[in-house]
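Okay, coords-v7.pdb is below, PDB, C-alpha atoms:
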MODEL        1
ATOM      1  CA  MET U 189      29.657 -16.385 -10.531
ATOM      2  CA  ALA U 190      31.477 -13.184  -9.517
ATOM      3  CA  GLN U 191      34.257 -11.919 -11.722
ATOM      4  CA  PRO U 192      37.682 -11.780 -10.065
ATOM      5  CA  LYS U 193      38.755  -8.254  -9.249
ATOM      6  CA  LYS U 194      41.192  -6.574 -11.565
ATOM      7  CA  GLN U 195      44.449  -5.523  -9.955
ATOM      8  CA  ASN U 196      46.449  -2.380 -10.462
ATOM      9  CA  ILE U 197      49.919  -2.849  -8.958
ATOM     10  CA  ILE U 198      52.169   0.164  -8.442
ATOM     11  CA  PRO U 199      55.815  -0.809  -7.802
ATOM     12  CA  LYS U 200      57.801   0.777  -4.990
ATOM     13  CA  ALA U 201      59.865   2.841  -7.442
ATOM     14  CA  GLN U 202      56.701   4.562  -8.708
ATOM     15  CA  ALA U 203      55.057   5.265  -5.352
ATOM     16  CA  VAL U 204      54.523   8.962  -4.640
ATOM     17  CA  PHE U 205      54.685   8.538  -0.861
ATOM     18  CA  TRP U 206      57.016   6.808   1.602
ATOM     19  CA  MET U 207      57.446   6.121   5.306
ATOM     20  CA  ASP U 208      60.520   7.247   7.232
ATOM     21  CA  ARG U 209      62.292   5.380  10.044
ATOM     22  CA  ASP U 210      59.982   6.971  12.631
ATOM     23  CA  GLY U 211      56.781   5.793  10.906
ATOM     24  CA  THR U 212      55.976   9.219   9.468
ATOM     25  CA  TRP U 213      54.409   9.388   6.006
ATOM     26  CA  HIS U 214      55.857  11.766   3.392
ATOM     27  CA  ASN U 215      55.181  12.790  -0.185
ATOM     28  CA  GLU U 216      56.973  15.140  -2.544
ATOM     29  CA  HIS U 217      55.562  18.139  -0.636
ATOM     30  CA  GLY U 218      56.843  16.958   2.756
ATOM     31  CA  LYS U 219      55.470  15.286   5.849
ATOM     32  CA  LEU U 220      51.813  14.260   5.750
ATOM     33  CA  GLU U 221      49.956  16.079   8.534
ATOM     34  CA  HIS U 222      46.258  15.234   8.180
ATOM     35  CA  PRO U 223      45.321  12.674  10.883
ATOM     36  CA  LYS U 224      42.553  11.035   8.801
ATOM     37  CA  ILE U 225      44.899  10.477   5.853
ATOM     38  CA  ILE U 226      47.602   9.079   8.137
ATOM     39  CA  LYS U 227      45.087   6.753   9.806
ATOM     40  CA  TYR U 228      43.754   5.625   6.403
ATOM     41  CA  PHE U 229      47.280   4.912   5.144
ATOM     42  CA  ASN U 230      48.216   2.998   8.312
ATOM     43  CA  GLN U 231      45.073   0.862   8.351
ATOM     44  CA  SER U 232      45.600   0.068   4.644
ATOM     45  CA  ILE U 233      49.084  -1.424   5.170
ATOM     46  CA  GLN U 234      49.371  -5.056   4.169
ATOM     47  CA  LYS U 235      52.304  -7.343   3.491
ATOM     48  CA  ASP U 236      53.038 -10.083   0.987
ATOM     49  CA  ASP U 237      56.190 -11.732  -0.341
ATOM     50  CA  GLN U 238      56.980  -8.547  -2.323
ATOM     51  CA  GLY U 239      56.932  -6.333   0.770
ATOM     52  CA  TYR U 240      54.610  -3.795   2.363
ATOM     53  CA  PHE U 241      51.916  -2.072   0.335
ATOM     54  CA  LEU U 242      48.797   0.022   0.726
ATOM     55  CA  CYS U 243      45.677  -1.654  -0.593
ATOM     56  CA  GLN U 244      42.351  -0.173  -1.585
ATOM     57  CA  THR U 245      39.499  -1.223  -3.825
ATOM     58  CA  LEU U 246      37.985   1.355  -6.144
ATOM     59  CA  ASN U 247      34.921   0.123  -8.044
ATOM     60  CA  ASP U 248      36.009  -3.303  -9.274
ATOM     61  CA  VAL U 249      39.769  -2.630  -9.214
ATOM     62  CA  GLU U 250      42.036  -3.570  -6.317
ATOM     63  CA  GLU U 251      45.008  -1.201  -6.159
ATOM     64  CA  LYS U 252      48.225  -2.240  -4.429
ATOM     65  CA  VAL U 253      50.859   0.444  -3.987
ATOM     66  CA  TYR U 254      54.196  -0.842  -2.710
ATOM     67  CA  PHE U 255      55.967   1.951  -0.862
ATOM     68  CA  PRO U 256      59.497   2.647   0.348
ATOM     69  CA  TYR U 257      60.144   2.526   4.093
ATOM     70  CA  GLU U 258      63.133   2.416   6.428
ATOM     71  CA  ASP U 259      63.572  -0.467   8.892
ATOM     72  CA  THR U 260      59.885  -1.485   8.940
ATOM     73  CA  ALA U 261      56.379  -0.243   8.182
ATOM     74  CA  VAL U 262      54.868  -1.522  11.437
ATOM     75  CA  PHE U 263      55.219   0.496  14.638
ATOM     76  CA  VAL U 264      54.109   0.254  18.250
ATOM     77  CA  VAL U 265      52.179   3.464  18.853
ATOM     78  CA  ASP U 266      50.787   2.721  22.324
ATOM     79  CA  LEU U 267      50.755   0.050  25.013
ATOM     80  CA  VAL U 268      48.649  -1.091  27.929
ATOM     81  CA  LYS U 269      49.724  -3.059  30.996
ATOM     82  CA  THR U 270      47.444  -6.049  31.515
ATOM     83  CA  ASP U 271      47.364  -8.841  34.092
ATOM     84  CA  ALA U 272      49.088 -11.102  31.548
ATOM     85  CA  GLY U 273      51.808  -8.629  30.524
ATOM     86  CA  ILE U 274      51.800  -5.740  28.052
ATOM     87  CA  GLU U 275      49.515  -5.357  25.040
ATOM     88  CA  LEU U 276      50.944  -3.352  22.145
ATOM     89  CA  THR U 277      48.854  -1.206  19.800
ATOM     90  CA  LEU U 278      50.280  -1.049  16.289
ATOM     91  CA  ASN U 279      49.974   1.681  13.676
ATOM     92  CA  ILE U 280      48.152  -0.845  11.447
ATOM     93  CA  LEU U 281      45.292  -0.783  14.007
ATOM     94  CA  ASP U 282      46.086  -4.224  15.349
ATOM     95  CA  THR U 283      47.144  -5.285  18.839
ATOM     96  CA  ILE U 284      49.667  -7.928  19.852
ATOM     97  CA  ASP U 285      51.144  -9.122  23.116
ATOM     98  CA  LEU U 286      54.643  -8.031  24.031
ATOM     99  CA  ASP U 287      57.104 -10.914  23.759
ATOM    100  CA  PRO U 288      60.067  -9.962  25.999
ATOM    101  CA  GLY U 289      62.361 -12.535  24.371
ATOM    102  CA  ALA U 290      61.740 -11.066  20.914
ATOM    103  CA  LEU U 291      62.911  -7.562  21.859
ATOM    104  CA  TYR U 292      66.212  -6.101  20.729
ATOM    105  CA  ILE U 293      67.938  -2.737  20.520
ATOM    106  CA  LYS U 294      69.560  -1.503  17.332
ATOM    107  CA  GLU U 295      70.967   2.012  16.840
ATOM    108  CA  ASP U 296      69.162   3.323  19.949
ATOM    109  CA  ALA U 297      65.781   2.005  18.743
ATOM    110  CA  LEU U 298      63.691  -0.774  20.285
ATOM    111  CA  PHE U 299      62.365  -3.522  17.997
ATOM    112  CA  MET U 300      60.373  -6.705  18.417
ATOM    113  CA  GLU U 301      60.483  -9.562  15.929
ATOM    114  CA  THR U 302      57.207 -11.406  15.311
ATOM    115  CA  GLU U 303      56.362 -14.185  12.889
ATOM    116  CA  VAL U 304      54.748 -11.684  10.535
ATOM    117  CA  HIS U 305      56.377  -8.286  11.119
ATOM    118  CA  LEU U 306      59.422  -6.540  12.432
ATOM    119  CA  VAL U 307      57.890  -4.021  14.826
ATOM    120  CA  LYS U 308      59.601  -0.810  15.917
ATOM    121  CA  PHE U 309      58.622   1.239  18.974
ATOM    122  CA  THR U 310      57.822   4.924  18.395
ATOM    123  CA  GLN U 311      59.198   7.554  20.769
ATOM    124  CA  LYS U 312      55.741   7.814  22.384
ATOM    125  CA  ALA U 313      55.621   4.048  22.936
ATOM    126  CA  LEU U 314      59.150   4.086  24.382
ATOM    127  CA  ALA U 315      58.122   6.803  26.834
ATOM    128  CA  ARG U 316      55.122   4.680  27.894
ATOM    129  CA  MET U 317      57.434   1.658  28.212
ATOM    130  CA  SER U 318      59.996   3.443  30.412
ATOM    131  CA  PRO U 319      58.423   2.386  33.764
ATOM    132  CA  PHE U 320      59.067  -1.238  32.749
ATOM    133  CA  LEU U 321      62.700  -0.707  31.729
ATOM    134  CA  THR U 322      65.590  -0.979  34.149
ATOM    135  CA  GLU U 323      69.349  -0.849  33.833
ATOM    136  CA  THR U 324      71.143  -4.028  34.957
ATOM    137  CA  PRO U 325      74.821  -5.049  34.949
ATOM    138  CA  GLN U 326      73.983  -7.103  31.810
ATOM    139  CA  GLY U 327      72.316  -4.124  30.082
ATOM    140  CA  LEU U 328      68.825  -2.718  29.684
ATOM    141  CA  ALA U 329      66.092  -5.101  30.832
ATOM    142  CA  LEU U 330      62.330  -5.350  30.703
ATOM    143  CA  ASP U 331      61.003  -5.686  34.254
ATOM    144  CA  LEU U 332      57.431  -6.955  34.531
ATOM    145  CA  GLY U 333      57.614  -7.480  38.287
ATOM    146  CA  ARG U 334      57.759 -11.264  38.420
ATOM    147  CA  THR U 335      60.229 -11.524  35.507
ATOM    148  CA  GLN U 336      63.141  -9.511  34.231
ATOM    149  CA  THR U 337      64.393 -10.016  30.668
ATOM    150  CA  VAL U 338      67.626  -8.461  29.395
ATOM    151  CA  ILE U 339      67.097  -6.852  25.997
ATOM    152  CA  ARG U 340      69.771  -7.952  23.546
ATOM    153  CA  GLU U 341      71.609  -5.538  21.265
ATOM    154  CA  LYS U 342      72.110  -6.072  17.547
TER
ENDMDL
END
Whole structure given in structure tokens:
Amino acid sequence: MAQPKKQNIIPKAQAVFWMDRDGTWHNEHGKLEHPKIIKYFNQSIQKDDQGYFLCQTLNDVEEKVYFPYEDTAVFVVDLVKTDAGIELTLNILDTIDLDPGALYIKEDALFMETEVHLVKFTQKALARMSPFLTETPQGLALDLGRTQTVIREK
């Protein structure tokens, strides 16, 4: 029978990297720039009842590093219009469907609440979303042609 993996857990206070409110990774030397490192970090993000962490297995040891972040650690980085609506690509290399009723605006940022994550739209994703946004007397709305949903403010 296989031995259970050993765990090395690094608490948030001891992490040497963090994510800012725009989804950008930083360390003590500044903003991380290398695309492969950024992609590796993003695809390693997981969540449990303690919060978001990066997870990797080295030899027989699973390392979980909880990291500081602002707002959320999950971001919409791209989107595609489909026949059914809009499919969102997340920084964690996952895709989800846009839920118009779960959108809200807070401090000039667009968010979507899901069962698992609070998702924030990057500036690039907002620019891609702009053809589907319209100003109404009730406020900003998502217009998917056959439906129009006012986006609430928090």
Just want the 7 Å neighbourhood of segment 204-212 of chain U, counted on all atoms listed in the file, with same-chain residues fewer than 5 positions away dropped. Output as a ChimeraX atom specification. /U:255-259,261,263,310
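Here the PyMOL selection byres ((chain U and resi 341) around 9) catches exactly these residues: Leu291, Tyr292, Ile293, Lys294, Glu295, Gly327, Ile339, Arg340 and Lys342 of chain U.
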Can you translate the PyMOL selection byres ((chain U and resi 306) around 9) into the concrete residues it hits in this file, as a ChimeraX atom specification? /U:259-263,299-305,307-308
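Put simply, atom CA of Gln195 of chain U is 24.4 Å away from atom CA of Leu281 of chain U.
Among the candidates U:Gly218, U:Pro288, U:Pro319, U:Pro223, the residue lying nearest to Gly273 of chain U is U:Pro288 (atoms considered: only C-alpha atoms).
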Hey, can you check how far atom CA of Arg334 of chain U sits from atom CA of Lys312 of chain U? 25.0 Å
Could you list, as a list in words, every residue within 6 Å of segment 313-315 of chain U, counting only C-alpha atoms and ignoring same-chain residues fewer than 4 positions away? Val265, Asp266 and Phe309 of chain U
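Using only C-alpha atoms for every distance, the candidate list U:Val338, U:Val268, U:Ala203, U:Leu220 yields U:Ala203 as the residue closest to Leu242 of chain U.
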Draw an axis-aligned box tight on the listed atoms of segment 270-289 of chain U, then pad every side by 5 Å and write out centre and edge lengths in Å to one decimal as lines of an AutoDock Vina configuration file.
center_x = 53.8
center_y = -5.4
center_z = 22.8
size_x = 27.1
size_y = 24.2
size_z = 32.6
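You will find atom CA of Glu221 of chain U at 23.9 Å from atom CA of Thr283 of chain U.
For Phe241 of chain U, the residues within 10 Å (counting only C-alpha atoms, excluding itself and residues fewer than 3 positions away along the chain) are Ile197, Ile198, Pro199, Lys200, Ala203, Phe229, Ser232, Ile233, Gln234, Lys235, Asp236, Gln238, Gln244, Glu251, Lys252, Val253, Tyr254, Phe255, Pro256 and Ala261 of chain U.
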May I have the residues within 6 Å of Leu276 of chain U as a ChimeraX atom specification, using only C-alpha atoms and disregarding those fewer than 4 positions away in the same chain? /U:267,283-285
Convert the current residue selection to file output with C-alpha atoms, as a compact mmCIF listing (two decimals), in the coordinates of the input.
# COMPACT_ATOMS: atom_id res chain seq x y z
CA LEU U 267 50.76 0.05 25.01
CA THR U 283 47.14 -5.28 18.84
CA ILE U 284 49.67 -7.93 19.85
CA ASP U 285 51.14 -9.12 23.12
